[in-house]
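Engineer: Contents of entry.cif (mmCIF, C-alpha atoms) are below:
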```
data_target
#
loop_
_atom_site.label_atom_id
_atom_site.label_comp_id
_atom_site.auth_asym_id
_atom_site.auth_seq_id
_atom_site.Cartn_x
_atom_site.Cartn_y
_atom_site.Cartn_z
CA MET A 1 110.01 45.72 6.36
CA LYS A 2 106.33 44.87 6.80
CA VAL A 3 104.48 44.41 3.51
CA SER A 4 100.69 44.54 3.30
CA LEU A 5 98.07 44.48 0.55
CA SER A 6 95.41 47.03 -0.39
CA ALA A 7 92.65 46.92 -3.00
CA ALA A 8 92.54 50.73 -2.92
CA PRO A 9 94.73 52.81 -5.24
CA ALA A 10 97.76 54.56 -3.82
CA ALA A 11 97.52 58.18 -2.79
CA GLU A 12 98.19 60.70 -5.57
CA ALA A 13 101.54 61.56 -4.03
CA TRP A 14 102.88 58.15 -5.09
CA GLY A 15 101.86 58.65 -8.72
CA GLU A 16 98.93 57.52 -10.81
CA GLY A 17 98.50 53.73 -10.70
CA ALA A 18 101.44 53.35 -8.28
CA LEU A 19 102.33 49.75 -7.46
CA LEU A 20 103.74 50.52 -4.00
CA SER A 21 103.38 53.12 -1.31
CA TYR A 22 105.63 53.37 1.72
CA GLY A 23 105.56 54.06 5.43
CA GLU A 24 108.51 54.48 7.76
CA GLN A 25 109.16 50.71 8.05
CA SER A 26 106.42 49.38 5.78
CA ALA A 27 105.23 49.05 2.22
CA THR A 28 101.76 48.54 0.77
CA VAL A 29 101.11 46.72 -2.49
CA HIS A 30 98.19 48.19 -4.42
CA LEU A 31 96.53 45.34 -6.27
CA GLY A 32 94.85 46.91 -9.28
CA SER A 33 93.35 44.75 -12.06
CA LEU A 34 96.10 42.08 -12.22
CA PRO A 35 96.64 41.37 -8.53
CA LEU A 36 98.94 38.32 -8.62
CA ARG A 37 101.17 39.81 -11.28
CA ARG A 38 101.36 43.12 -9.41
CA ILE A 39 102.22 41.30 -6.20
CA GLN A 40 105.06 39.43 -7.93
CA ARG A 41 106.28 42.67 -9.42
CA ALA A 42 106.19 44.31 -6.00
CA GLY A 43 108.33 41.52 -4.56
CA ARG A 44 110.86 42.00 -7.36
CA ARG A 45 110.91 45.78 -6.93
CA LEU A 46 111.37 45.69 -3.17
CA HIS A 47 114.24 43.24 -3.45
CA ALA A 48 115.83 45.34 -6.22
CA GLN A 49 115.53 48.40 -3.96
CA GLY A 50 117.70 46.68 -1.37
CA VAL A 51 115.06 45.36 1.04
CA ARG A 52 116.46 42.13 2.43
CA ARG A 53 113.90 41.26 5.11
CA ALA A 54 110.20 41.18 4.34
CA GLN A 55 107.39 40.31 6.75
CA LEU A 56 104.08 39.80 4.97
CA ALA A 57 101.46 41.39 7.18
CA GLY A 58 97.69 41.32 7.25
CA ASP A 59 95.40 39.17 5.14
CA TRP A 60 97.25 37.27 2.39
CA SER A 61 96.08 34.11 0.60
CA SER A 62 98.64 31.39 -0.12
CA GLU A 63 98.58 32.31 -3.84
CA GLN A 64 99.27 35.96 -3.04
CA GLN A 65 102.17 35.03 -0.78
CA TRP A 66 103.65 32.72 -3.40
CA ALA A 67 103.36 35.41 -6.07
CA PHE A 68 105.37 37.74 -3.82
CA ALA A 69 107.95 34.99 -3.25
CA LEU A 70 108.46 34.48 -7.00
CA GLY A 71 109.40 38.12 -7.39
CA TRP A 72 111.37 38.26 -4.15
CA MET A 73 113.71 35.36 -4.95
CA SER A 74 116.99 36.60 -6.40
CA SER A 75 119.95 35.14 -8.25
CA LYS A 76 122.32 37.04 -5.94
CA ASP A 77 120.83 37.27 -2.44
CA GLU A 78 117.87 35.22 -1.19
CA GLY A 79 117.05 37.61 1.63
CA GLU A 80 114.62 36.78 4.44
CA LEU A 81 110.95 36.23 3.71
CA HIS A 82 108.41 35.64 6.49
CA TRP A 83 104.89 34.50 5.68
CA ALA A 84 101.72 36.19 6.89
CA GLY A 85 99.45 34.69 9.54
CA GLU A 86 99.96 31.97 12.11
CA ASP A 87 102.33 29.08 11.57
CA GLY A 88 100.36 26.09 10.30
CA GLU A 89 99.45 24.11 7.18
CA GLN A 90 99.65 27.13 4.90
CA HIS A 91 103.15 27.93 6.11
CA ARG A 92 104.20 24.30 5.69
CA LEU A 93 103.01 24.33 2.07
CA LEU A 94 104.74 27.62 1.29
CA ASP A 95 107.95 26.51 3.02
CA ALA A 96 107.99 23.32 0.92
CA ARG A 97 107.51 25.26 -2.31
CA LEU A 98 110.19 27.78 -1.36
CA ARG A 99 112.70 25.09 -0.39
CA CYS A 100 112.27 23.23 -3.67
CA ALA A 101 112.09 26.33 -5.88
CA ARG A 102 115.25 27.74 -4.35
CA TRP A 103 117.04 24.45 -4.96
CA VAL A 104 115.92 24.40 -8.60
CA ARG A 105 117.01 27.98 -9.11
CA ALA A 106 120.35 27.50 -7.36
CA GLN A 107 121.25 24.53 -9.55
CA THR A 108 120.08 26.29 -12.72
CA ASN A 109 122.15 29.36 -11.86
CA ALA A 110 125.29 27.43 -10.89
CA THR A 111 128.27 27.97 -13.19
CA PRO A 112 129.38 25.19 -15.55
CA GLU A 113 132.58 24.89 -13.56
CA GLN A 114 130.62 24.36 -10.33
CA LEU A 115 128.17 21.87 -11.82
CA SER A 116 129.63 19.07 -13.90
CA PRO A 117 127.37 16.24 -15.12
CA VAL A 118 128.37 13.96 -12.25
CA ALA A 119 128.05 16.82 -9.75
CA LEU A 120 124.49 17.51 -10.94
CA ALA A 121 123.58 13.84 -10.47
CA VAL A 122 125.13 13.83 -6.99
CA GLU A 123 123.43 17.10 -5.98
CA ALA A 124 120.02 15.83 -7.07
CA ALA A 125 120.43 12.52 -5.25
CA SER A 126 121.61 14.29 -2.10
CA PHE A 127 118.74 16.78 -2.13
CA LEU A 128 116.06 14.09 -2.41
CA THR A 129 117.75 11.66 -0.04
CA GLU A 130 117.85 14.37 2.63
CA LEU A 131 114.06 14.69 2.34
CA ALA A 132 113.37 10.96 2.84
CA PRO A 133 116.54 8.99 3.66
CA SER A 134 114.86 5.63 4.18
CA ARG A 135 112.73 5.83 1.02
CA ILE A 136 115.36 6.72 -1.57
CA SER A 137 117.84 4.55 -3.41
CA HIS A 138 119.88 5.52 -6.43
CA ARG A 139 122.71 4.68 -8.76
CA ILE A 140 124.86 6.85 -11.04
CA LEU A 141 126.24 5.41 -14.27
CA LYS A 142 129.03 7.45 -15.80
CA GLY A 143 131.59 7.41 -18.58
CA GLU A 144 132.27 4.06 -20.19
CA ALA A 145 129.64 2.39 -18.01
CA LEU A 146 127.02 4.30 -19.99
CA ARG A 147 128.27 2.91 -23.29
CA GLU A 148 128.43 -0.60 -21.89
CA ALA A 149 124.84 -0.32 -20.62
CA GLY A 150 123.60 0.93 -24.01
CA PHE A 151 122.93 4.57 -23.07
CA VAL A 152 124.36 5.73 -26.36
CA GLY A 153 122.84 9.23 -26.44
CA ILE A 154 124.23 10.42 -23.11
CA TYR A 155 127.58 8.78 -23.80
CA GLU A 156 128.02 10.22 -27.30
CA VAL A 157 126.93 13.74 -26.42
CA GLY A 158 129.17 13.81 -23.35
CA ARG A 159 132.31 12.11 -24.65
CA GLY A 160 133.79 15.33 -26.00
CA SER A 161 134.30 16.63 -22.45
CA ASP A 162 136.99 15.65 -19.96
CA ARG A 163 134.21 15.52 -17.36
CA GLU A 164 132.24 12.32 -17.66
CA PRO A 165 128.59 12.19 -18.71
CA ALA A 166 126.26 10.55 -16.18
CA LEU A 167 122.82 9.03 -15.78
CA LEU A 168 121.14 9.26 -12.38
CA GLU A 169 118.50 6.63 -11.74
CA LEU A 170 116.73 7.40 -8.46
CA ASP A 171 113.93 5.38 -6.90
CA PHE A 172 111.51 6.93 -4.41
CA ASN A 173 109.65 3.97 -2.92
CA PRO A 174 107.53 4.85 0.12
CA THR A 175 105.90 1.41 0.10
CA GLY A 176 109.01 -0.43 1.27
CA ASP A 177 108.13 -3.19 -1.22
CA ARG A 178 110.80 -3.78 -3.85
CA LYS A 179 108.16 -5.30 -6.12
CA ALA A 180 105.78 -2.35 -5.86
CA PRO A 181 104.75 -1.01 -9.27
CA VAL A 182 106.29 2.25 -10.44
CA ALA A 183 103.47 4.77 -10.67
CA ALA A 184 105.36 7.44 -12.59
CA CYS A 185 108.73 8.30 -14.07
CA LEU A 186 110.36 11.71 -14.45
CA VAL A 187 113.05 12.30 -17.08
CA GLY A 188 115.15 15.47 -17.14
CA LYS A 189 117.63 16.96 -19.60
CA GLY A 190 120.80 17.72 -17.68
CA ILE A 191 123.15 19.38 -20.16
CA THR A 192 125.33 21.29 -17.72
CA PHE A 193 126.90 23.33 -20.51
CA ASP A 194 126.05 23.42 -24.19
CA SER A 195 128.57 24.84 -26.65
CA GLY A 196 126.58 23.37 -29.51
CA GLY A 197 129.41 20.98 -30.26
CA TYR A 198 130.70 21.18 -33.83
CA SER A 199 127.44 22.95 -34.72
CA ILE A 200 128.83 25.63 -32.45
CA LYS A 201 126.68 28.38 -30.97
CA ALA A 202 127.50 32.06 -31.25
CA SER A 203 129.02 33.55 -28.10
CA GLU A 204 125.84 35.38 -27.09
CA GLY A 205 123.83 32.17 -27.49
CA MET A 206 126.34 30.18 -25.47
CA LEU A 207 126.56 32.61 -22.55
CA HIS A 208 123.46 31.32 -20.77
CA MET A 209 123.90 27.62 -21.54
CA LYS A 210 124.69 26.87 -17.91
CA GLY A 211 120.88 26.81 -17.65
CA ASP A 212 120.51 24.00 -20.19
CA MET A 213 120.09 21.56 -17.30
CA GLY A 214 116.93 23.35 -16.18
CA GLY A 215 114.79 20.31 -17.00
CA ALA A 216 116.82 18.03 -14.74
CA ALA A 217 116.64 20.59 -11.93
CA LEU A 218 112.89 21.08 -12.37
CA VAL A 219 111.90 17.39 -12.32
CA THR A 220 114.09 16.87 -9.24
CA GLY A 221 112.51 19.81 -7.45
CA ALA A 222 109.03 18.65 -8.45
CA LEU A 223 109.63 15.19 -7.01
CA GLY A 224 110.90 16.84 -3.84
CA LEU A 225 107.81 19.02 -3.59
CA ALA A 226 105.52 16.03 -4.16
CA MET A 227 107.37 14.10 -1.45
CA LEU A 228 107.00 16.98 1.00
CA SER A 229 103.30 17.12 0.07
CA GLY A 230 102.66 13.50 1.02
CA LEU A 231 103.43 11.49 -2.13
CA ASP A 232 102.72 7.85 -1.31
CA LYS A 233 103.42 6.20 -4.69
CA ARG A 234 106.62 4.82 -6.14
CA VAL A 235 108.30 7.23 -8.58
CA LYS A 236 111.54 6.88 -10.52
CA LEU A 237 113.70 9.78 -11.64
CA PHE A 238 116.14 9.69 -14.57
CA LEU A 239 118.54 12.60 -15.09
CA CYS A 240 120.47 12.56 -18.38
CA CYS A 241 123.59 14.62 -17.70
CA ALA A 242 126.41 15.67 -20.03
CA GLU A 243 128.52 18.58 -21.26
CA ASN A 244 128.27 19.20 -25.01
CA LEU A 245 131.79 20.32 -25.90
CA ILE A 246 134.22 20.26 -28.82
CA SER A 247 137.34 18.10 -28.79
CA GLY A 248 139.04 15.33 -30.73
CA HIS A 249 136.77 12.95 -28.83
CA ALA A 250 133.48 14.75 -29.52
CA TYR A 251 130.68 13.27 -31.59
CA LYS A 252 130.39 14.61 -35.12
CA LEU A 253 127.93 15.42 -37.85
CA GLY A 254 127.25 12.33 -39.91
CA ASP A 255 127.67 9.93 -36.99
CA ILE A 256 124.92 7.34 -36.57
CA LEU A 257 123.76 6.27 -33.11
CA ALA A 258 121.97 2.97 -32.52
CA TYR A 259 119.64 3.04 -29.49
CA ARG A 260 118.59 0.14 -27.30
CA ASN A 261 115.17 -0.06 -28.96
CA GLY A 262 116.78 -0.50 -32.38
CA VAL A 263 116.18 3.07 -33.64
CA THR A 264 119.13 4.49 -35.55
CA VAL A 265 119.76 8.24 -35.59
CA GLU A 266 121.94 10.26 -37.94
CA ILE A 267 123.54 13.34 -36.40
CA VAL A 268 122.87 16.33 -38.64
CA ASN A 269 123.19 18.94 -35.87
CA THR A 270 125.31 18.44 -32.77
CA ASP A 271 123.42 21.33 -31.14
CA ALA A 272 120.26 19.17 -31.15
CA GLU A 273 121.76 17.15 -28.32
CA GLY A 274 119.05 17.37 -25.69
CA ARG A 275 116.73 14.99 -27.52
CA LEU A 276 119.60 12.50 -27.86
CA VAL A 277 120.16 12.26 -24.11
CA LEU A 278 116.43 12.32 -23.32
CA ALA A 279 115.90 9.34 -25.61
CA ASP A 280 118.01 7.22 -23.23
CA GLY A 281 116.05 8.40 -20.22
CA LEU A 282 112.70 7.76 -21.92
CA LEU A 283 113.72 4.24 -22.89
CA ALA A 284 114.79 3.52 -19.30
CA ALA A 285 111.52 4.99 -18.01
CA GLY A 286 109.50 2.86 -20.42
CA GLU A 287 111.22 -0.28 -19.19
CA THR A 288 109.78 0.29 -15.70
CA GLY A 289 106.22 -0.20 -16.96
CA ALA A 290 105.12 3.09 -15.37
CA PRO A 291 101.75 4.30 -16.70
CA LEU A 292 102.88 7.95 -16.50
CA ILE A 293 106.12 9.27 -18.02
CA ILE A 294 106.94 12.98 -17.90
CA ASP A 295 110.02 14.56 -19.41
CA ALA A 296 111.11 18.17 -19.05
CA ALA A 297 113.82 19.97 -20.97
CA THR A 298 115.04 23.33 -22.17
CA LEU A 299 114.86 21.66 -25.56
CA THR A 300 114.24 24.12 -28.38
CA GLY A 301 114.52 27.78 -29.20
CA ALA A 302 111.48 27.17 -31.39
CA ALA A 303 109.32 26.75 -28.28
CA VAL A 304 110.53 30.12 -26.98
CA MET A 305 109.68 31.70 -30.32
CA ALA A 306 106.21 30.15 -30.17
CA VAL A 307 105.14 30.91 -26.61
CA GLY A 308 107.69 33.44 -25.32
CA GLN A 309 109.31 33.24 -21.90
CA GLU A 310 106.04 33.58 -19.97
CA TYR A 311 104.81 30.07 -20.81
CA ASN A 312 106.17 26.55 -20.89
CA ALA A 313 105.17 24.47 -23.91
CA LEU A 314 103.39 21.13 -23.61
CA PHE A 315 103.39 18.27 -26.13
CA ALA A 316 101.44 15.02 -25.92
CA LEU A 317 99.90 12.30 -28.08
CA ASP A 318 97.56 11.48 -25.19
CA GLN A 319 95.07 14.35 -25.34
CA GLY A 320 93.21 13.39 -22.18
CA LEU A 321 96.44 13.51 -20.20
CA ALA A 322 97.44 16.77 -21.87
CA GLN A 323 94.15 18.34 -20.81
CA ARG A 324 94.75 17.13 -17.26
CA ALA A 325 98.15 18.83 -17.26
CA LEU A 326 96.67 22.05 -18.62
CA ASP A 327 93.92 22.02 -15.99
CA LEU A 328 96.42 21.47 -13.16
CA ALA A 329 98.71 24.19 -14.50
CA GLY A 330 95.77 26.59 -14.44
CA GLN A 331 94.94 25.65 -10.86
CA GLU A 332 98.60 26.17 -9.89
CA GLN A 333 98.83 29.57 -11.63
CA GLU A 334 101.65 28.37 -13.92
CA PRO A 335 101.28 29.39 -17.59
CA LEU A 336 101.35 26.36 -19.91
CA TRP A 337 100.39 26.15 -23.58
CA GLN A 338 99.95 23.07 -25.74
CA LEU A 339 101.69 23.00 -29.12
CA PRO A 340 100.97 20.53 -31.95
CA LEU A 341 102.16 16.94 -31.87
CA ALA A 342 100.84 14.14 -34.09
CA PRO A 343 102.26 10.70 -34.93
CA TRP A 344 103.52 11.97 -38.29
CA HIS A 345 105.84 14.46 -36.56
CA ARG A 346 108.27 11.59 -35.92
CA GLU A 347 108.90 11.48 -39.69
CA GLN A 348 109.77 15.17 -39.97
CA CYS A 349 113.53 14.67 -39.65
CA PRO A 350 114.30 12.18 -42.44
CA SER A 351 117.71 10.60 -43.02
CA ALA A 352 119.12 8.81 -46.04
CA TYR A 353 121.32 6.69 -43.78
CA ALA A 354 119.33 5.97 -40.59
CA ASP A 355 115.77 5.62 -39.34
CA THR A 356 115.72 9.33 -38.53
CA ALA A 357 117.98 12.33 -38.20
CA ASN A 358 118.17 14.19 -34.90
CA SER A 359 116.96 17.39 -36.55
CA ARG A 360 116.81 19.07 -39.90
CA PRO A 361 120.10 20.50 -41.20
CA VAL A 362 118.82 24.09 -41.13
CA LYS A 363 118.97 26.82 -38.51
CA GLY A 364 116.69 26.07 -35.54
CA GLY A 365 115.52 22.82 -37.07
CA GLY A 366 113.28 24.62 -39.57
CA PRO A 367 109.52 25.32 -39.32
CA GLY A 368 107.79 23.47 -36.51
CA GLY A 369 111.10 22.71 -34.84
CA ALA A 370 109.65 22.21 -31.36
CA SER A 371 106.98 19.80 -32.64
CA ASN A 372 109.55 17.92 -34.71
CA ALA A 373 111.76 17.54 -31.63
CA ALA A 374 108.79 16.16 -29.69
CA GLY A 375 108.08 13.83 -32.60
CA PHE A 376 111.65 12.55 -32.37
CA LEU A 377 111.17 11.84 -28.66
CA SER A 378 107.92 9.98 -29.37
CA ARG A 379 110.01 7.22 -30.99
CA PHE A 380 111.36 6.33 -27.55
CA VAL A 381 108.19 6.12 -25.44
CA PRO A 382 105.94 3.05 -25.05
CA ASN A 383 102.25 2.54 -25.85
CA GLU A 384 102.16 4.93 -28.83
CA GLY A 385 102.60 7.84 -26.46
CA ARG A 386 99.75 7.04 -24.08
CA GLY A 387 100.67 8.24 -20.60
CA TRP A 388 103.52 10.48 -21.84
CA LEU A 389 103.93 14.25 -21.47
CA HIS A 390 106.77 16.36 -22.84
CA PHE A 391 107.44 19.82 -21.37
CA ASP A 392 109.64 22.15 -23.44
CA LEU A 393 110.64 24.68 -20.81
CA ALA A 394 110.56 28.00 -22.62
CA ALA A 395 110.03 29.78 -19.28
CA ALA A 396 112.72 28.00 -17.26
CA TYR A 397 115.39 30.69 -17.49
CA ARG A 398 115.66 34.47 -17.89
CA ASN A 399 118.78 35.84 -19.56
CA SER A 400 118.38 39.08 -17.58
CA ALA A 401 116.23 40.45 -14.80
CA ASP A 402 112.98 42.18 -15.63
CA ALA A 403 110.10 43.72 -13.70
CA ASP A 404 108.79 40.31 -12.58
CA TRP A 405 111.79 37.96 -12.34
CA SER A 406 115.41 38.02 -11.30
CA ALA A 407 117.94 36.79 -13.84
CA GLY A 408 118.44 33.04 -14.15
CA GLY A 409 116.24 30.10 -13.26
CA THR A 410 112.54 30.59 -12.54
CA ALA A 411 111.41 27.11 -11.34
CA LEU A 412 108.19 27.74 -13.29
CA GLY A 413 106.41 24.40 -13.73
CA LEU A 414 107.46 23.07 -10.34
CA ARG A 415 103.93 23.06 -8.91
CA THR A 416 102.32 21.57 -12.02
CA LEU A 417 104.72 18.63 -12.19
CA ALA A 418 104.33 17.94 -8.47
CA ARG A 419 100.53 17.92 -8.83
CA LEU A 420 100.78 15.49 -11.75
CA LEU A 421 102.62 13.08 -9.45
CA LEU A 422 100.15 13.57 -6.61
CA GLU A 423 97.01 13.51 -8.77
CA PRO A 424 97.76 11.83 -12.14
#
```
Can the structure in the file be given as structure tokens, please?

Structural biologist:
Amino acid sequence: MKVSLSAAPAAEAWGEGALLSYGEQSATVHLGSLPLRRIQRAGRRLHAQGVRRAQLAGDWSSEQQWAFALGWMSSKDEGELHWAGEDGEQHRLLDARLRCARWVRAQTNATPEQLSPVALAVEAASFLTELAPSRISHRILKGEALREAGFVGIYEVGRGSDREPALLELDFNPTGDRKAPVAACLVGKGITFDSGGYSIKASEGMLHMKGDMGGAALVTGALGLAMLSGLDKRVKLFLCCAENLISGHAYKLGDILAYRNGVTVEIVNTDAEGRLVLADGLLAAGETGAPLIIDAATLTGAAVMAVGQEYNALFALDQGLAQRALDLAGQEQEPLWQLPLAPWHREQCPSAYADTANSRPVKGGGPGGASNAAGFLSRFVPNEGRGWLHFDLAAAYRNSADADWSAGGTALGLRTLARLLLEP
């Protein structure tokens, strides 16, 4: 089906304010006052109506075409989407975005049985290596090797599962110089299934926890998009992967973890596991000396309560860098909202037995839960938080389809993170 755009309203026969009108083998999107949102909604509606091949026809900007693609992508059937205009730089850009977004969404939507912690690490390494075989090296630490190397958070969270926890450390080095400085590090939460552990979730809350590795998928896809867009700086990727399950081997409330930087953490909620695995990744990132460290995670329900599922939440102690991220997100048409984070937030989860607890022992971590989680993470980054950004991905996953999105992963934030690598 050919799909074109019109600034004029649809004919009365299609209804007042109609989004779409139809010809024999064509559809027209009527833009109205919110053109990009209406275009995305049109893509979703056409796919939901069973259209499986769309040819964008006429005069479309790259932003308009991408808006249609966001709605068109589906958790069940990708369909065929053909861009408007002649093949060229615009098509190359859109193809790169689509390739990376589809990978992010496919991983996020994969079942827990399909995607174990080690499988996620392997999939991410394979995806990026395929993009630049001669510029990628990686290693995967798993199981007891994590404990021996001091990655206590990933090991403890994952030891309750029969499937080993894993840390992927991937090095994209286009310089060819092993001594080249690392310009940036990406850290992703890769909890491939989250039961909540002994702080067990209700069934309805657990149903969608296959998507709790959305941060790991997003940072991987963002690195891929930056690479396809000409990234010429060395970047390291750390994926912190585990299943948070219940067994006789699982970590327990009251346990105390001692991290490589000397910080001790009392476990008061086994469902606050994402920050425990991210702490390992942030410490490893800090050891590289990179001036820019970005982590991304589906970390807290509190962030969803604060900004809804339309926005991702941003936390930073470096306000100049935070403003840069907000500016880039605006340019990339990806909703992002900054929530509070100050140095004192690291003291908001006190413990009588350790330097800090991993949460507060109340539902959702209590008031300010997303900021308190970010404060916890700030204990594990260098330079008092200068050069560090934390993305709490409230918009990473949709429990069900709506007028704009299919169910499952959204890949929202992909473009912003890639731009931060290209233009820090």

Engineer: The PyMOL selection byres ((chain A and resi 43-49) around 10) - which residues does that actually catch in the file I just gave you? List them as a ChimeraX atom specification.

Structural biologist: /A:1,3,19-20,27,29,37-42,50-54,65,67-74,77-79,401-406

Engineer: Separation of CA of Trp66 (chain A) and CA of Asp95 (chain A), in Å?

Structural biologist: 9.9 Å

Engineer: Considering all atoms listed in the file, can you say which of A:Arg360, A:Arg386, A:Arg135, A:Arg379 comes closest to Lys233 (chain A)?

Structural biologist: A:Arg135

Engineer: Quick one: residues within 7 Å of Ser199 (chain A), all atoms listed in the file, excluding same-chain residues fewer than 6 positions away - as a ChimeraX atom specification?

Structural biologist: /A:269-271

Engineer: In Å to one decimal, how far is CA of Glu24 (chain A) from CA of Ser6 (chain A)?

Structural biologist: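 For CA of Ser6 (chain A) relative to CA of Glu24 (chain A), the distance reads 17.1 Å.
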
Engineer: Between CA of Gly413 (chain A) and CA of Glu334 (chain A), what is the distance in Å, rounded to a tenth?

Structural biologist: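 According to the coordinates, CA of Gly413 (chain A) and CA of Glu334 (chain A) are separated by 6.2 Å.
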
Engineer: Please evaluate the PyMOL selection byres ((chain A and resi 336) around 7) against the structure above and give the resulting residues as a PyMOL selection string.

Structural biologist: chain A and resi 311-314+326+329+334-335+337-338

Engineer: Mind checking which residues fall within 12 Å of Ala316 (chain A), counting all atoms listed in the file, ignoring those fewer than 4 positions away in the same chain, and posting them as number ranges by chain?

Structural biologist: A: 292-295, 320-326, 337-343, 345, 371, 374-375, 377-378, 381, 384-392

Engineer: In terms of the shortest atom-to-atom distance over all atoms listed in the file, which of A:Gly369, A:Gly408, A:Pro361, A:Gly23 is closest to Gly301 (chain A)?

Structural biologist: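 Residue with the minimum atom-to-atom distance to Gly301 (chain A): A:Gly369.
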
Engineer: Would you compute an axis-aligned box for region 377-383 of chain A, covering every atom listed for it in the file with 4 Å of margin on each side, and report centre and edge lengths in Å to one decimal as AutoDock Vina command-line options?

Structural biologist:
```
--center_x 106.8 --center_y 7.2 --center_z -28.0 --size_x 17.1 --size_y 17.3 --size_z 13.9
```

Engineer: Which residue out of A:Leu141, A:Leu245, A:Leu31, A:Ala279 has the minimum interatomic distance to Lys201 (chain A) when only C-alpha atoms are used?

Structural biologist: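 For Lys201 (chain A), the nearest of the given residues is A:Leu245.
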